[in-house]
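Here's protein-v7.cif, which has mmCIF, C-alpha atoms and all ligand atoms:
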```cif
data_entry
loop_
_atom_site.label_atom_id
_atom_site.label_comp_id
_atom_site.auth_asym_id
_atom_site.auth_seq_id
_atom_site.Cartn_x
_atom_site.Cartn_y
_atom_site.Cartn_z
CA MET A 464 0.00 0.00 0.00
CA PRO A 465 1.31 3.51 -0.83
CA LEU A 466 2.93 5.91 1.64
CA ASN A 467 0.45 8.64 2.54
CA HIS A 468 1.43 12.23 3.34
CA GLN A 469 -1.00 13.98 5.66
CA ILE A 470 -1.46 17.38 7.30
CA LEU A 471 -2.67 17.37 10.90
CA LEU A 472 -3.95 20.18 13.08
CA ASP A 473 -1.07 20.42 15.56
CA ASN A 474 -2.26 23.29 17.77
CA ARG A 475 -5.06 25.87 17.78
CA PRO A 476 -4.55 29.46 16.58
CA GLN A 477 -4.55 32.37 18.98
CA GLY A 478 -5.98 35.14 16.77
CA ALA A 479 -4.91 34.73 13.14
CA ALA A 480 -4.08 31.20 11.96
CA SER A 481 -0.47 30.48 10.97
CA ALA A 482 1.52 27.74 9.24
CA SER A 483 2.80 26.59 12.65
CA ASN A 484 -0.74 25.37 13.51
CA PHE A 485 -0.25 22.52 11.04
CA LYS A 486 2.07 19.51 10.91
CA LEU A 487 3.04 17.42 7.87
CA VAL A 488 3.45 13.70 8.60
CA SER A 489 3.56 10.47 6.62
CA SER A 490 2.26 6.99 7.29
CA PRO A 491 1.59 3.84 5.27
CA THR A 492 -1.94 3.43 3.91
CA PRO A 493 -3.69 0.58 5.76
CA ASP A 494 -4.73 -2.62 3.94
CA LEU A 495 -8.31 -2.55 2.69
CA GLN A 496 -11.05 -4.39 4.60
CA GLU A 497 -14.16 -5.81 2.90
CA GLY A 498 -16.42 -2.90 1.76
CA GLN A 499 -13.57 -0.37 1.64
CA VAL A 500 -11.97 1.48 -1.27
CA LEU A 501 -8.66 3.29 -1.62
CA VAL A 502 -8.91 6.73 -3.21
CA ARG A 503 -6.00 8.72 -4.60
CA HIS A 504 -6.82 12.42 -4.21
CA HIS A 505 -6.15 14.60 -7.22
CA PHE A 506 -7.46 17.82 -5.66
CA LEU A 507 -7.98 19.08 -2.12
CA SER A 508 -10.51 21.86 -1.55
CA LEU A 509 -9.54 24.71 0.78
CA ASP A 510 -12.54 26.49 2.28
CA PRO A 511 -13.04 29.35 4.76
CA TYR A 512 -15.14 27.13 7.11
CA MET A 513 -11.94 25.26 8.01
CA ARG A 514 -10.74 28.32 9.94
CA GLY A 515 -13.77 28.13 12.27
CA ARG A 516 -13.17 24.44 12.92
CA MET A 517 -9.59 25.13 14.02
CA ASN A 518 -11.05 26.84 17.12
CA ASP A 519 -12.36 24.88 20.08
CA SER A 520 -15.59 26.85 20.30
CA LYS A 521 -19.32 26.22 20.09
CA SER A 522 -20.47 26.11 16.50
CA TYR A 523 -22.77 24.21 14.14
CA ALA A 524 -20.04 21.57 13.68
CA ALA A 525 -17.63 19.91 16.10
CA PRO A 526 -14.13 21.42 16.18
CA GLN A 527 -11.34 19.80 14.18
CA ALA A 528 -9.62 17.40 16.61
CA LEU A 529 -5.97 18.09 17.46
CA GLY A 530 -3.48 15.58 16.06
CA GLU A 531 -5.95 14.40 13.40
CA VAL A 532 -5.90 14.88 9.64
CA MET A 533 -7.47 18.23 8.72
CA GLN A 534 -10.97 17.68 7.36
CA GLY A 535 -11.66 18.79 3.82
CA GLY A 536 -13.34 17.99 0.53
CA THR A 537 -11.38 15.98 -2.04
CA ALA A 538 -11.79 14.87 -5.64
CA GLY A 539 -9.89 11.84 -6.90
CA GLU A 540 -9.87 8.39 -8.36
CA VAL A 541 -10.53 4.94 -6.93
CA ILE A 542 -7.32 2.95 -7.27
CA GLU A 543 -8.30 -0.19 -5.37
CA SER A 544 -11.72 -1.49 -4.35
CA ARG A 545 -13.17 -4.17 -2.12
CA SER A 546 -16.70 -2.86 -2.67
CA PRO A 547 -19.10 -3.74 -5.50
CA ARG A 548 -20.22 -0.09 -5.54
CA PHE A 549 -16.92 1.34 -6.84
CA LYS A 550 -14.29 0.12 -9.26
CA PRO A 551 -10.74 1.28 -9.97
CA GLY A 552 -10.82 4.27 -12.31
CA ASP A 553 -14.06 5.73 -10.90
CA LYS A 554 -13.78 9.48 -10.36
CA VAL A 555 -15.13 10.35 -6.92
CA VAL A 556 -15.75 13.29 -4.60
CA GLY A 557 -15.74 12.96 -0.83
CA MET A 558 -14.38 14.32 2.43
CA GLY A 559 -10.96 12.70 2.20
CA GLY A 560 -9.15 15.40 4.19
CA TRP A 561 -5.73 17.04 3.83
CA GLN A 562 -3.90 13.93 2.65
CA GLU A 563 -2.91 12.21 -0.57
CA PHE A 564 -4.92 8.99 -0.12
CA SER A 565 -7.95 7.97 1.89
CA VAL A 566 -9.54 4.65 2.76
CA VAL A 567 -13.30 5.01 2.52
CA ASN A 568 -16.05 2.72 3.82
CA ALA A 569 -18.07 2.59 0.62
CA GLU A 570 -21.17 1.31 2.40
CA THR A 571 -21.44 4.42 4.60
CA PRO A 572 -24.26 6.54 3.10
CA ALA A 573 -23.03 9.71 1.34
CA ALA A 574 -19.38 8.91 2.18
CA MET A 575 -18.41 9.43 -1.44
CA ARG A 576 -20.12 9.97 -4.79
CA LYS A 577 -19.12 9.15 -8.35
CA VAL A 578 -18.87 12.08 -10.74
CA ASP A 579 -18.92 12.31 -14.52
CA THR A 580 -15.96 14.23 -15.94
CA THR A 581 -17.13 14.13 -19.57
CA HIS A 582 -18.31 17.76 -19.61
CA VAL A 583 -17.20 19.05 -16.20
CA PRO A 584 -13.54 18.90 -15.12
CA LEU A 585 -12.93 16.94 -11.90
CA SER A 586 -11.74 20.00 -9.96
CA HIS A 587 -15.02 21.87 -10.54
CA TYR A 588 -16.83 19.28 -8.41
CA LEU A 589 -15.13 20.95 -5.43
CA GLY A 590 -16.20 24.42 -6.56
CA ALA A 591 -18.92 25.57 -8.94
CA VAL A 592 -20.47 22.09 -9.28
CA GLY A 593 -19.89 21.21 -5.63
CA MET A 594 -20.45 22.55 -2.14
CA PRO A 595 -19.68 26.24 -2.92
CA GLY A 596 -21.98 26.24 -5.95
CA VAL A 597 -24.82 24.66 -3.99
CA THR A 598 -24.24 27.25 -1.26
CA ALA A 599 -24.81 30.05 -3.78
CA TRP A 600 -27.87 28.25 -5.14
CA TYR A 601 -29.44 27.73 -1.70
CA GLY A 602 -28.99 31.32 -0.54
CA LEU A 603 -30.25 32.70 -3.83
CA VAL A 604 -33.18 30.39 -4.52
CA LYS A 605 -34.41 29.55 -1.02
CA ILE A 606 -33.64 32.73 0.93
CA ILE A 607 -33.37 35.64 -1.50
CA GLU A 608 -36.13 34.22 -3.75
CA PRO A 609 -35.28 36.58 -6.61
CA GLN A 610 -37.61 37.93 -9.24
CA ALA A 611 -36.52 39.03 -12.70
CA GLY A 612 -35.51 42.68 -12.77
CA GLN A 613 -34.54 42.84 -9.09
CA THR A 614 -31.11 44.03 -7.96
CA LEU A 615 -28.92 41.61 -6.02
CA VAL A 616 -25.55 42.19 -4.37
CA VAL A 617 -22.95 39.62 -3.33
CA SER A 618 -19.73 40.15 -1.37
CA ALA A 619 -16.52 38.11 -1.95
CA ALA A 620 -17.97 38.29 -5.45
CA THR A 621 -15.20 36.58 -7.42
CA GLY A 622 -14.69 33.65 -5.03
CA ALA A 623 -16.03 30.13 -5.36
CA VAL A 624 -19.47 30.98 -3.96
CA GLY A 625 -19.71 34.52 -5.37
CA SER A 626 -18.91 33.55 -8.95
CA ALA A 627 -21.54 30.81 -8.96
CA PHE A 628 -24.02 33.25 -7.44
CA ALA A 629 -23.52 35.64 -10.36
CA ALA A 630 -24.27 33.00 -13.00
CA LEU A 631 -27.33 31.72 -11.14
CA ALA A 632 -28.72 35.22 -10.55
CA LYS A 633 -28.14 36.32 -14.16
CA ALA A 634 -29.98 33.20 -15.32
CA ARG A 635 -32.98 34.51 -13.34
CA GLY A 636 -32.94 37.90 -15.03
CA CYS A 637 -31.56 39.93 -12.12
CA ARG A 638 -29.17 42.88 -12.04
CA VAL A 639 -26.15 41.52 -10.15
CA VAL A 640 -23.59 43.72 -8.44
CA GLY A 641 -20.45 42.34 -6.85
CA ILE A 642 -18.22 43.63 -4.05
CA ALA A 643 -14.62 42.42 -4.25
CA GLY A 644 -11.10 43.35 -3.18
CA GLY A 645 -9.03 45.14 -5.81
CA PRO A 646 -9.24 46.30 -9.43
CA ASP A 647 -8.19 42.97 -10.97
CA LYS A 648 -10.96 41.05 -9.23
CA CYS A 649 -13.53 43.73 -10.16
CA GLN A 650 -12.42 43.73 -13.80
CA TYR A 651 -12.70 39.93 -13.86
CA ALA A 652 -16.17 40.11 -12.28
CA THR A 653 -17.62 42.30 -15.02
CA ALA A 654 -15.58 41.03 -17.98
CA GLU A 655 -15.84 37.29 -17.35
CA LEU A 656 -18.34 36.46 -14.62
CA GLY A 657 -21.26 38.46 -15.99
CA PHE A 658 -21.65 40.95 -13.13
CA ASP A 659 -23.39 44.16 -14.19
CA ALA A 660 -21.06 46.13 -11.91
CA CYS A 661 -18.42 45.45 -9.28
CA ILE A 662 -17.27 47.66 -6.43
CA ASP A 663 -13.77 47.53 -5.00
CA TYR A 664 -14.35 47.76 -1.24
CA LYS A 665 -10.63 48.41 -0.66
CA LEU A 666 -11.10 51.92 -2.10
CA HIS A 667 -13.34 52.77 0.85
CA THR A 668 -12.38 53.21 4.48
CA ASP A 669 -15.88 53.45 5.97
CA ALA A 670 -19.38 52.09 5.38
CA GLY A 671 -20.77 55.51 4.38
CA SER A 672 -18.33 55.86 1.51
CA LEU A 673 -18.82 52.28 0.31
CA SER A 674 -22.56 52.74 0.59
CA LYS A 675 -22.44 55.71 -1.82
CA ALA A 676 -20.65 53.53 -4.38
CA ILE A 677 -23.32 50.85 -3.91
CA ALA A 678 -26.05 53.45 -4.49
CA GLN A 679 -24.44 54.41 -7.81
CA ALA A 680 -24.23 50.77 -8.93
CA CYS A 681 -27.74 50.00 -7.65
CA PRO A 682 -29.93 52.97 -8.64
CA ALA A 683 -33.11 51.03 -7.78
CA GLY A 684 -31.77 49.96 -4.36
CA VAL A 685 -30.92 46.41 -3.27
CA ASP A 686 -33.60 43.71 -3.13
CA GLY A 687 -31.39 40.78 -2.16
CA TYR A 688 -27.97 40.56 -0.55
CA PHE A 689 -25.81 37.44 -0.31
CA GLU A 690 -23.43 38.09 2.59
CA ASN A 691 -20.02 36.42 2.68
CA VAL A 692 -17.94 38.95 4.58
CA GLY A 693 -19.63 40.94 7.40
CA GLY A 694 -18.39 44.12 9.09
CA MET A 695 -18.11 47.33 7.08
CA VAL A 696 -19.24 45.66 3.85
CA MET A 697 -22.46 44.41 5.42
CA ASP A 698 -23.15 47.80 7.03
CA ALA A 699 -22.73 49.51 3.67
CA VAL A 700 -25.17 47.21 1.86
CA MET A 701 -27.70 47.37 4.72
CA LEU A 702 -27.91 51.12 4.14
CA ARG A 703 -29.14 50.47 0.56
CA MET A 704 -31.61 47.64 1.16
CA ASN A 705 -35.13 48.12 -0.19
CA ALA A 706 -38.27 47.46 1.86
CA PHE A 707 -38.88 43.71 2.20
CA GLY A 708 -35.32 42.94 1.08
CA ARG A 709 -33.80 39.56 1.84
CA ILE A 710 -30.31 38.92 3.21
CA ALA A 711 -28.86 35.40 2.93
CA LEU A 712 -26.21 35.30 5.66
CA CYS A 713 -23.77 32.78 4.28
CA GLY A 714 -20.43 33.78 5.81
CA MET A 715 -18.62 36.52 7.74
CA ILE A 716 -15.04 35.90 6.75
CA ALA A 717 -13.85 39.31 8.01
CA GLY A 718 -14.46 37.99 11.54
CA TYR A 719 -13.11 34.44 11.32
CA ASP A 720 -9.98 35.31 13.31
CA GLY A 721 -12.20 36.22 16.25
CA LYS A 722 -12.57 39.97 15.73
CA PRO A 723 -16.04 41.20 16.87
CA MET A 724 -18.39 41.85 13.94
CA PRO A 725 -20.87 44.40 15.27
CA MET A 726 -23.77 45.36 13.03
CA SER A 727 -24.05 49.15 12.95
CA TYR A 728 -27.62 49.55 11.70
CA PRO A 729 -29.87 46.77 13.08
CA THR A 730 -32.77 49.26 13.16
CA LEU A 731 -32.86 48.98 9.37
CA ILE A 732 -34.07 45.38 9.71
CA LEU A 733 -37.20 46.75 11.36
CA VAL A 734 -37.61 49.92 9.31
CA ASN A 735 -37.23 48.06 6.00
CA ARG A 736 -38.96 44.84 7.19
CA LEU A 737 -35.91 42.82 6.10
CA LYS A 738 -35.55 39.07 6.20
CA VAL A 739 -32.08 38.10 7.45
CA GLN A 740 -31.44 34.37 7.45
CA GLY A 741 -28.31 32.38 8.15
CA PHE A 742 -27.89 28.90 6.70
CA ILE A 743 -25.48 25.97 6.50
CA VAL A 744 -25.55 24.26 3.13
CA SER A 745 -24.82 20.78 4.47
CA GLU A 746 -28.10 20.93 6.41
CA HIS A 747 -30.08 21.12 3.16
CA MET A 748 -29.02 17.98 1.32
CA GLU A 749 -32.50 17.77 -0.24
CA VAL A 750 -31.68 20.64 -2.66
CA TRP A 751 -28.28 19.32 -3.78
CA PRO A 752 -29.45 17.23 -6.76
CA GLU A 753 -31.51 20.07 -8.25
CA ALA A 754 -28.79 22.64 -7.57
CA LEU A 755 -25.97 20.46 -8.92
CA LYS A 756 -27.97 19.79 -12.07
CA GLU A 757 -28.38 23.49 -12.80
CA LEU A 758 -24.76 24.28 -11.90
CA GLY A 759 -23.46 21.40 -14.04
CA THR A 760 -25.47 22.69 -17.00
CA LEU A 761 -24.17 26.25 -16.52
CA VAL A 762 -20.56 24.97 -16.49
CA GLY A 763 -21.12 22.43 -19.28
CA THR A 764 -22.61 25.09 -21.55
CA GLY A 765 -19.89 27.65 -20.75
CA LYS A 766 -22.26 30.08 -19.04
CA LEU A 767 -20.25 29.70 -15.83
CA ARG A 768 -16.51 29.57 -16.35
CA PRO A 769 -15.10 29.41 -12.83
CA ARG A 770 -11.53 30.37 -12.20
CA GLU A 771 -9.29 28.37 -9.86
CA SER A 772 -6.20 29.17 -7.79
CA VAL A 773 -4.25 25.93 -7.67
CA ALA A 774 -1.39 25.35 -5.20
CA GLN A 775 0.93 22.47 -6.04
CA GLY A 776 1.54 19.61 -3.62
CA LEU A 777 0.19 18.84 -0.15
CA ALA A 778 2.97 20.76 1.63
CA ALA A 779 1.68 23.95 -0.01
CA ALA A 780 -1.79 23.59 1.56
CA PRO A 781 -1.24 25.61 4.79
CA GLU A 782 0.12 28.69 2.98
CA ALA A 783 -2.59 28.46 0.33
CA PHE A 784 -5.22 28.24 3.08
CA LEU A 785 -3.82 31.26 4.92
CA GLY A 786 -3.79 33.13 1.59
CA LEU A 787 -7.47 32.29 1.02
CA LEU A 788 -8.35 33.91 4.34
CA LYS A 789 -6.55 37.09 3.19
CA GLY A 790 -8.10 37.19 -0.29
CA LYS A 791 -4.96 36.07 -2.16
CA ASN A 792 -7.01 33.45 -4.04
CA PHE A 793 -8.60 34.25 -7.39
CA GLY A 794 -11.65 32.01 -7.60
CA LYS A 795 -11.84 28.56 -6.04
CA GLN A 796 -8.74 27.67 -3.96
CA LEU A 797 -7.51 24.15 -4.57
CA VAL A 798 -4.40 22.09 -3.96
CA LYS A 799 -3.31 19.73 -6.72
CA LEU A 800 -1.95 16.55 -5.19
CA ILE A 801 -0.65 14.63 -8.20
N1 LIG B 901 -23.07 28.88 5.06
C1 LIG B 901 -22.51 27.91 4.36
O1 LIG B 901 -23.01 26.77 4.33
C2 LIG B 901 -21.26 28.19 3.59
C3 LIG B 901 -20.74 27.27 2.67
C4 LIG B 901 -19.61 27.63 1.91
C5 LIG B 901 -19.02 28.88 2.09
N2 LIG B 901 -19.53 29.72 3.03
C6 LIG B 901 -18.96 31.06 3.23
O2 LIG B 901 -19.01 31.72 1.97
C7 LIG B 901 -17.98 32.70 1.92
C8 LIG B 901 -17.21 32.55 0.62
O3 LIG B 901 -16.58 31.27 0.61
P1 LIG B 901 -15.73 30.80 -0.65
O4 LIG B 901 -15.39 29.38 -0.43
O5 LIG B 901 -16.41 31.20 -1.89
O6 LIG B 901 -14.41 31.65 -0.46
P2 LIG B 901 -13.79 32.66 -1.54
O7 LIG B 901 -14.78 33.75 -1.73
O8 LIG B 901 -13.32 31.88 -2.71
O9 LIG B 901 -12.51 33.18 -0.77
C9 LIG B 901 -12.65 34.00 0.34
C10 LIG B 901 -12.70 35.49 -0.09
O10 LIG B 901 -13.16 36.26 0.98
C11 LIG B 901 -12.71 37.58 0.81
N3 LIG B 901 -12.21 38.12 2.09
C12 LIG B 901 -11.33 37.59 2.92
N4 LIG B 901 -11.15 38.39 3.99
C13 LIG B 901 -11.94 39.43 3.81
C14 LIG B 901 -12.19 40.61 4.56
N5 LIG B 901 -11.58 40.84 5.73
N6 LIG B 901 -13.06 41.50 4.08
C15 LIG B 901 -13.67 41.27 2.90
N7 LIG B 901 -13.48 40.17 2.15
C16 LIG B 901 -12.61 39.26 2.60
C17 LIG B 901 -11.56 37.54 -0.20
O11 LIG B 901 -12.02 38.12 -1.39
P3 LIG B 901 -11.67 39.66 -1.73
O12 LIG B 901 -10.27 39.66 -2.21
O13 LIG B 901 -12.66 39.99 -2.76
O14 LIG B 901 -11.81 40.39 -0.45
C18 LIG B 901 -11.32 36.06 -0.40
O15 LIG B 901 -10.89 35.78 -1.71
C19 LIG B 901 -17.16 32.50 3.19
O16 LIG B 901 -17.58 33.43 4.14
C20 LIG B 901 -17.52 31.11 3.63
O17 LIG B 901 -17.33 30.91 5.01
C21 LIG B 901 -20.62 29.40 3.77
#
```
Kindly present the structure from the file in structure tokens form.
Ligand SMILES: NC(=O)c1ccc[n+]([C@@H]2O[C@H](COP(=O)([O-])OP(=O)(O)OC[C@H]3O[C@@H](n4cnc5c(N)ncnc54)[C@H](OP(=O)(O)O)[C@@H]3O)[C@@H](O)[C@H]2O)c1
Amino acid sequence: MPLNHQILLDNRPQGAASASNFKLVSSPTPDLQEGQVLVRHHFLSLDPYMRGRMNDSKSYAAPQALGEVMQGGTAGEVIESRSPRFKPGDKVVGMGGWQEFSVVNAETPAAMRKVDTTHVPLSHYLGAVGMPGVTAWYGLVKIIEPQAGQTLVVSAATGAVGSAFAALAKARGCRVVGIAGGPDKCQYATAELGFDACIDYKLHTDAGSLSKAIAQACPAGVDGYFENVGGMVMDAVMLRMNAFGRIALCGMIAGYDGKPMPMSYPTLILVNRLKVQGFIVSEHMEVWPEALKELGTLVGTGKLRPRESVAQGLAAAPEAFLGLLKGKNFGKQLVKLI
């Protein structure tokens, strides 16, 4: 059996995460038992939620255990099987973690699923046609409930979730405005992702100033907001929400290092009769088939052409992850493992 390189959570961050929180180890892959398969990971997904799990605090999911392989989504290929459900050569997506190989109990429900790479590249099953894409779909369809002609705003607009959101919202006839960090990301948002406008939040030092830019890009106000960031960005959009607007609270990455994220204008929720709803995509497995079908079609037909930032080799994962938390990624952040 092959030697497996793995990255463990060695210690918990105090404030910002750092490379010293992780430890690279190696160990032989165990022999397969009946019902198990051996998967070689081609891609590891790096996602902001991993930062929350590094803390030992109350959350919707248990913390990442110390001394264990970091949890994470993976896409790869079955290389050995003792299960009738999978055969060598099958392309699969699962939660293999930060390691090069995983042994999976194929009989465990939803442990792993086969994917078809004829029209959709394997890596996209970790991004646009995977968990981040379904996240965008859920917040848009089930919480924002858009109508054609309405104006929608999304923060972290060019990331894995934000870019899928744009394609899904455009397909529903909405005006879609992004908020992203820097001129390159904003140019990419309008030129390639189909955004009607994109605002560079880094040009603004306070919510009032950013809010004026949002007003210019959204002359009819904001009917739906997909929140990925929190803090000043959320305050600025709140100031432009229309009556009966909907806010899908997906993430607050600006606060993942533990900084307080106060909301400056909660009165606006009352005054504008807003719906503000948080959600966790893994708690809505019932929508995944429908969402994945639409996302797969958008990618297969070229209407969604997601960009990826790909780090090379498992040892590069910690730095790539820390970069993701600082916005150094351009699109979905992956690690290529072979
Ligand atoms: N609720 C759920 O079930 C669920 C599921 C998946 C993801 N999420 C959340 O969705 C959000 C996006 O995830 P993703 O995987 O698509 O990541 P991503 O957008 O590909 O990458 C994260 C982006 O966040 C932005 N960012 C980082 N720090 C920021 C700050 N202080 N202020 C403003 N922007 C900052 C950066 O973009 P800029 O350079 O543009 O700032 C960075 O590129 C995250 O908040 C994540 O936690 C939630």
Env. residues ligand LIG 901 (chain B) / 8 Å / only C-alpha atoms and all ligand atoms / as a ChimeraX atom specification: /A:509-512,590,594-595,598,618-626,642-645,648,663-664,690-694,696,712-718,741-745,787-796
Restrict the selected residues to C-alpha atoms and save them as a PDB file, keeping the file's coordinate frame.
```pdb
ATOM      1  CA  LEU A 509      -9.540  24.710   0.780  1.00  0.00           C
ATOM      2  CA  ASP A 510     -12.540  26.490   2.280  1.00  0.00           C
ATOM      3  CA  PRO A 511     -13.040  29.350   4.760  1.00  0.00           C
ATOM      4  CA  TYR A 512     -15.140  27.130   7.110  1.00  0.00           C
ATOM      5  CA  GLY A 590     -16.200  24.420  -6.560  1.00  0.00           C
ATOM      6  CA  MET A 594     -20.450  22.550  -2.140  1.00  0.00           C
ATOM      7  CA  PRO A 595     -19.680  26.240  -2.920  1.00  0.00           C
ATOM      8  CA  THR A 598     -24.240  27.250  -1.260  1.00  0.00           C
ATOM      9  CA  SER A 618     -19.730  40.150  -1.370  1.00  0.00           C
ATOM     10  CA  ALA A 619     -16.520  38.110  -1.950  1.00  0.00           C
ATOM     11  CA  ALA A 620     -17.970  38.290  -5.450  1.00  0.00           C
ATOM     12  CA  THR A 621     -15.200  36.580  -7.420  1.00  0.00           C
ATOM     13  CA  GLY A 622     -14.690  33.650  -5.030  1.00  0.00           C
ATOM     14  CA  ALA A 623     -16.030  30.130  -5.360  1.00  0.00           C
ATOM     15  CA  VAL A 624     -19.470  30.980  -3.960  1.00  0.00           C
ATOM     16  CA  GLY A 625     -19.710  34.520  -5.370  1.00  0.00           C
ATOM     17  CA  SER A 626     -18.910  33.550  -8.950  1.00  0.00           C
ATOM     18  CA  ILE A 642     -18.220  43.630  -4.050  1.00  0.00           C
ATOM     19  CA  ALA A 643     -14.620  42.420  -4.250  1.00  0.00           C
ATOM     20  CA  GLY A 644     -11.100  43.350  -3.180  1.00  0.00           C
ATOM     21  CA  GLY A 645      -9.030  45.140  -5.810  1.00  0.00           C
ATOM     22  CA  LYS A 648     -10.960  41.050  -9.230  1.00  0.00           C
ATOM     23  CA  ASP A 663     -13.770  47.530  -5.000  1.00  0.00           C
ATOM     24  CA  TYR A 664     -14.350  47.760  -1.240  1.00  0.00           C
ATOM     25  CA  GLU A 690     -23.430  38.090   2.590  1.00  0.00           C
ATOM     26  CA  ASN A 691     -20.020  36.420   2.680  1.00  0.00           C
ATOM     27  CA  VAL A 692     -17.940  38.950   4.580  1.00  0.00           C
ATOM     28  CA  GLY A 693     -19.630  40.940   7.400  1.00  0.00           C
ATOM     29  CA  GLY A 694     -18.390  44.120   9.090  1.00  0.00           C
ATOM     30  CA  VAL A 696     -19.240  45.660   3.850  1.00  0.00           C
ATOM     31  CA  LEU A 712     -26.210  35.300   5.660  1.00  0.00           C
ATOM     32  CA  CYS A 713     -23.770  32.780   4.280  1.00  0.00           C
ATOM     33  CA  GLY A 714     -20.430  33.780   5.810  1.00  0.00           C
ATOM     34  CA  MET A 715     -18.620  36.520   7.740  1.00  0.00           C
ATOM     35  CA  ILE A 716     -15.040  35.900   6.750  1.00  0.00           C
ATOM     36  CA  ALA A 717     -13.850  39.310   8.010  1.00  0.00           C
ATOM     37  CA  GLY A 718     -14.460  37.990  11.540  1.00  0.00           C
ATOM     38  CA  GLY A 741     -28.310  32.380   8.150  1.00  0.00           C
ATOM     39  CA  PHE A 742     -27.890  28.900   6.700  1.00  0.00           C
ATOM     40  CA  ILE A 743     -25.480  25.970   6.500  1.00  0.00           C
ATOM     41  CA  VAL A 744     -25.550  24.260   3.130  1.00  0.00           C
ATOM     42  CA  SER A 745     -24.820  20.780   4.470  1.00  0.00           C
ATOM     43  CA  LEU A 787      -7.470  32.290   1.020  1.00  0.00           C
ATOM     44  CA  LEU A 788      -8.350  33.910   4.340  1.00  0.00           C
ATOM     45  CA  LYS A 789      -6.550  37.090   3.190  1.00  0.00           C
ATOM     46  CA  GLY A 790      -8.100  37.190  -0.290  1.00  0.00           C
ATOM     47  CA  LYS A 791      -4.960  36.070  -2.160  1.00  0.00           C
ATOM     48  CA  ASN A 792      -7.010  33.450  -4.040  1.00  0.00           C
ATOM     49  CA  PHE A 793      -8.600  34.250  -7.390  1.00  0.00           C
ATOM     50  CA  GLY A 794     -11.650  32.010  -7.600  1.00  0.00           C
ATOM     51  CA  LYS A 795     -11.840  28.560  -6.040  1.00  0.00           C
ATOM     52  CA  GLN A 796      -8.740  27.670  -3.960  1.00  0.00           C
TER      53      GLN A 796
END
```
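Residues with any atom within 9 Å of A:Leu673, counting all atoms listed in the file and excluding same-chain neighbours fewer than 3 positions away, are A:Ile662, A:Asp663, A:Tyr664, A:Leu666, A:His667, A:Thr668, A:Asp669, A:Ala670, A:Ala676, A:Ile677, A:Ala678, A:Met695, A:Val696, A:Ala699, A:Val700.
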Pick from A:Gly535, A:Gly636, A:Gly763, A:Pro682 nearest to A:Pro609, counting all atoms listed in the file: A:Gly636
Non-local contacts of A:Met558 (7 Å; all atoms listed in the file; under 6 positions in same chain excluded) as a PyMOL selection string: chain A and resi 534-537
Point-to-point distance from atom CA of A:Leu777 to atom CA of A:Arg545, Å rounded to tenths: 26.7 Å
Nearest candidate to A:Arg736 (options A:Arg709, A:Lys486, A:Arg503, A:Lys756; using only C-alpha atoms):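 Closest to A:Arg736, using only C-alpha atoms: A:Arg709.
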Pick from A:Leu466, A:Leu615, A:Ala629, A:Ile732 nearest to A:Leu761, counting all atoms listed in the file: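 Closest candidate: A:Ala629.
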Distance of atom CA of A:Cys681 from atom CA of A:Ala706, expressed in Å to one decimal place: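 About the pair atom CA of A:Ala706 and atom CA of A:Cys681: they are 14.4 Å apart.
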Protein and nucleic acid residues near (-17.7, -1.8, 1.3) (cut-off 12 Å, only C-alpha atoms) as an mmCIF file with C-alpha atoms, in the coordinates of the input:
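Below is the file result_17.cif, written as the result:
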```
data_model
loop_
_atom_site.group_PDB
_atom_site.id
_atom_site.type_symbol
_atom_site.label_atom_id
_atom_site.label_comp_id
_atom_site.auth_asym_id
_atom_site.auth_seq_id
_atom_site.Cartn_x
_atom_site.Cartn_y
_atom_site.Cartn_z
ATOM 1 C CA LEU A 495 -8.310 -2.550 2.690
ATOM 2 C CA GLN A 496 -11.050 -4.390 4.600
ATOM 3 C CA GLU A 497 -14.160 -5.810 2.900
ATOM 4 C CA GLY A 498 -16.420 -2.900 1.760
ATOM 5 C CA GLN A 499 -13.570 -0.370 1.640
ATOM 6 C CA VAL A 500 -11.970 1.480 -1.270
ATOM 7 C CA LEU A 501 -8.660 3.290 -1.620
ATOM 8 C CA GLU A 543 -8.300 -0.190 -5.370
ATOM 9 C CA SER A 544 -11.720 -1.490 -4.350
ATOM 10 C CA ARG A 545 -13.170 -4.170 -2.120
ATOM 11 C CA SER A 546 -16.700 -2.860 -2.670
ATOM 12 C CA PRO A 547 -19.100 -3.740 -5.500
ATOM 13 C CA ARG A 548 -20.220 -0.090 -5.540
ATOM 14 C CA PHE A 549 -16.920 1.340 -6.840
ATOM 15 C CA LYS A 550 -14.290 0.120 -9.260
ATOM 16 C CA VAL A 566 -9.540 4.650 2.760
ATOM 17 C CA VAL A 567 -13.300 5.010 2.520
ATOM 18 C CA ASN A 568 -16.050 2.720 3.820
ATOM 19 C CA ALA A 569 -18.070 2.590 0.620
ATOM 20 C CA GLU A 570 -21.170 1.310 2.400
ATOM 21 C CA THR A 571 -21.440 4.420 4.600
ATOM 22 C CA PRO A 572 -24.260 6.540 3.100
ATOM 23 C CA ALA A 574 -19.380 8.910 2.180
ATOM 24 C CA MET A 575 -18.410 9.430 -1.440
#
```
Atom-to-atom span, atom CA of A:Met726 and atom CA of A:Val685, Å: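 Going from atom CA of A:Met726 over to atom CA of A:Val685, I get 17.8 Å.
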Residue nearest A:Leu758 among A:Gly596, A:Gly684, A:Pro646, A:Gly612 (counting all atoms listed in the file):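 Between A:Gly596, A:Gly684, A:Pro646, A:Gly612, the residue approaching A:Leu758 most closely is A:Gly596.
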For A:Gly602: contacts at 7 Å, all atoms listed in the file, fewer than 5 positions along chain excluded, given as a ChimeraX atom specification: /A:607,689,711
Save out the residues we just selected, C-alpha atoms, as a CSV table (one decimal), in the coordinates of the input.
```csv
chain,number,residue,atom,x,y,z
A,607,ILE,CA,-33.4,35.6,-1.5
A,689,PHE,CA,-25.8,37.4,-0.3
A,711,ALA,CA,-28.9,35.4,2.9
```
